[in-house]
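Encoded as structure tokens, the structure appears first; notes follow it.
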Amino acid sequence: MGRIHVRTALTALIALVAIGSGTAFAATRTTSHPIGTGVVVIETNLAYQNAAAAGTGIVLTSSGRILTNNHVIAGATTIRVVVPKTTHTYTARVAGYDTTADVAVLQLQKASNLKTVTTGDASGLKLGARVTAVGNAGGTGRLTSSRGNVTGLHKSITVQGDNGTTEQLTGLIETNAALQPGDSGGPLLNSAGRVVGIDTAASSGSPFAVSASNDGYAIPIGKATTIARQIVSGKSSATVHIGATAFLGVQLGNSASFGGQGATIVGVVPGAPAASAGLVPGDVIIAVAGRPVSGPSNIAPIILAHKPGDKVTITYSDASGQTQSASVTLASGPPQ
């Protein structure tokens, strides 16, 4: 569900957004005419990928706290949030995210008086229950809706992200409501118009999609809001990242050296910490902050455990095979 790369064609997952009224978290109303419907469009710039993406978000508070999928904002260098059918557009910062649960929280800048959604209880859903998905289908910036039924509960799926990595998502709601690219990050509504889930994946053959059926999958709203509260409270964990993301600035590939161990640098972002420390394509990273690296996937969790401004030691093998080390001051970069 979700992110729509508009560089060449629309490719992304599918997710839905719910139009609701009332409040999800405590929200303060300042006028009798709140702005919007409780559903917003998310547009991101992926500068390091020379691309753009689009998705959907749910308004939790009138001051602009937004719930969405992590994969909607992963890799974003800038995030813009638009309230459809209004003139209101906001810059957003990432408050935090959970990559394993595919949940992220954004905070809009200088937002007020936004209409919020009303959440329901996904635990009361039954097979066959009517549901409606609403979202930014096709990344057009307009909200559309699709009706369907609950076709499964407590489902587990494996999804594939844009970078080829896979994730296991569990405890999901399955629905046959037709999901479209760009819908990711919005709510799934029950028959009373309450948000019971955040649609996250669909069998569309596009990134962050699953195979086998035409059904879509949504994270139960209770699980998503529990993670959101943890993020808002500032409590990081092994899976929840709070605030800005530390950035090394390298593109990595598997190593043919050291028995396949380590991660080969295949690209370095100009001016990024790795470049400033003298790392170049062809160097093989074998340890970060004293922790051995067996492959490219080992590095991101180590970097995510740090904050921008932290100094870490990168141990690597250069083109001549000599082992070197460099002290790198991590910068602030895109969410993962």
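So you can find residues: chains in the structure tokens are A, B, ... in the order shown, residues in each start at 1, and ligands are numbered from 1 in order.
By only C-alpha atoms, and with residues fewer than 5 positions from A:Pro281 along its chain excluded, the set lying at most 8 Å from it is Thr264, Ile265, Val266, Gly267 and Val268 of chain A.
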Would you tabulate, counting only C-alpha atoms, all residues of stretch 53-160 of chain A that have an atom at most 10 Å from an atom of stretch 223-230 of chain A, showing the closest pair of atoms and their distance in Å to one decimal, sorted by chain then ascending number, as a tab-separated table?
residue	atom	partner	partner_atom	distance
A:Leu60	CA	A:Thr225	CA	9.2
A:Arg65	CA	A:Ala228	CA	9.6
A:Ile66	CA	A:Ala228	CA	9.3
A:Leu67	CA	A:Ala228	CA	7.3
A:Thr68	CA	A:Ala224	CA	9.0
A:Asn69	CA	A:Ala224	CA	9.3
A:Ala95	CA	A:Ala228	CA	9.3
A:Gly96	CA	A:Ala228	CA	8.3
A:Tyr97	CA	A:Ala228	CA	8.2
A:Asp98	CA	A:Ile227	CA	7.6
A:Ala101	CA	A:Ala224	CA	8.1
A:Asp102	CA	A:Ala224	CA	8.9
A:Val103	CA	A:Ala224	CA	6.4
A:Ala104	CA	A:Ala228	CA	7.2
A:Val105	CA	A:Ala228	CA	6.2
A:Leu106	CA	A:Ala228	CA	9.7
A:Thr119	CA	A:Thr225	CA	9.5
A:Ala122	CA	A:Lys223	CA	9.4
_Residues of stretch 46-232 of chain A in strand (DSSP E or B), written as a VMD selection string_ = chain A and resid 46 51 to 59 65 to 68 78 to 82 89 to 98 103 to 108 114 119 130 to 135 144 to 160 166 to 175 181 187 to 189 195 to 202 216 to 220
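Atom pair atom CA of A:Glu167 / atom CA of A:Ile221: separated by 19.3 Å.
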*Step one, run DSSP on the backbone; step two, keep only residues of stretch 105-294 of chain A assigned to helix (DSSP H, G or I); then write them as JSON, numbers by chain.*
{"A": [122, 123, 124, 137, 138, 139, 221, 222, 223, 224, 225, 226, 227, 228, 229, 230, 231, 232, 233, 258, 259, 260, 273, 274, 275, 276]}
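For the residues A:Ile198, A:Ala331, A:Val232, A:Ala74, ranking by smallest atom-to-atom distance to A:Thr132 using only C-alpha atoms places A:Ile198 first.
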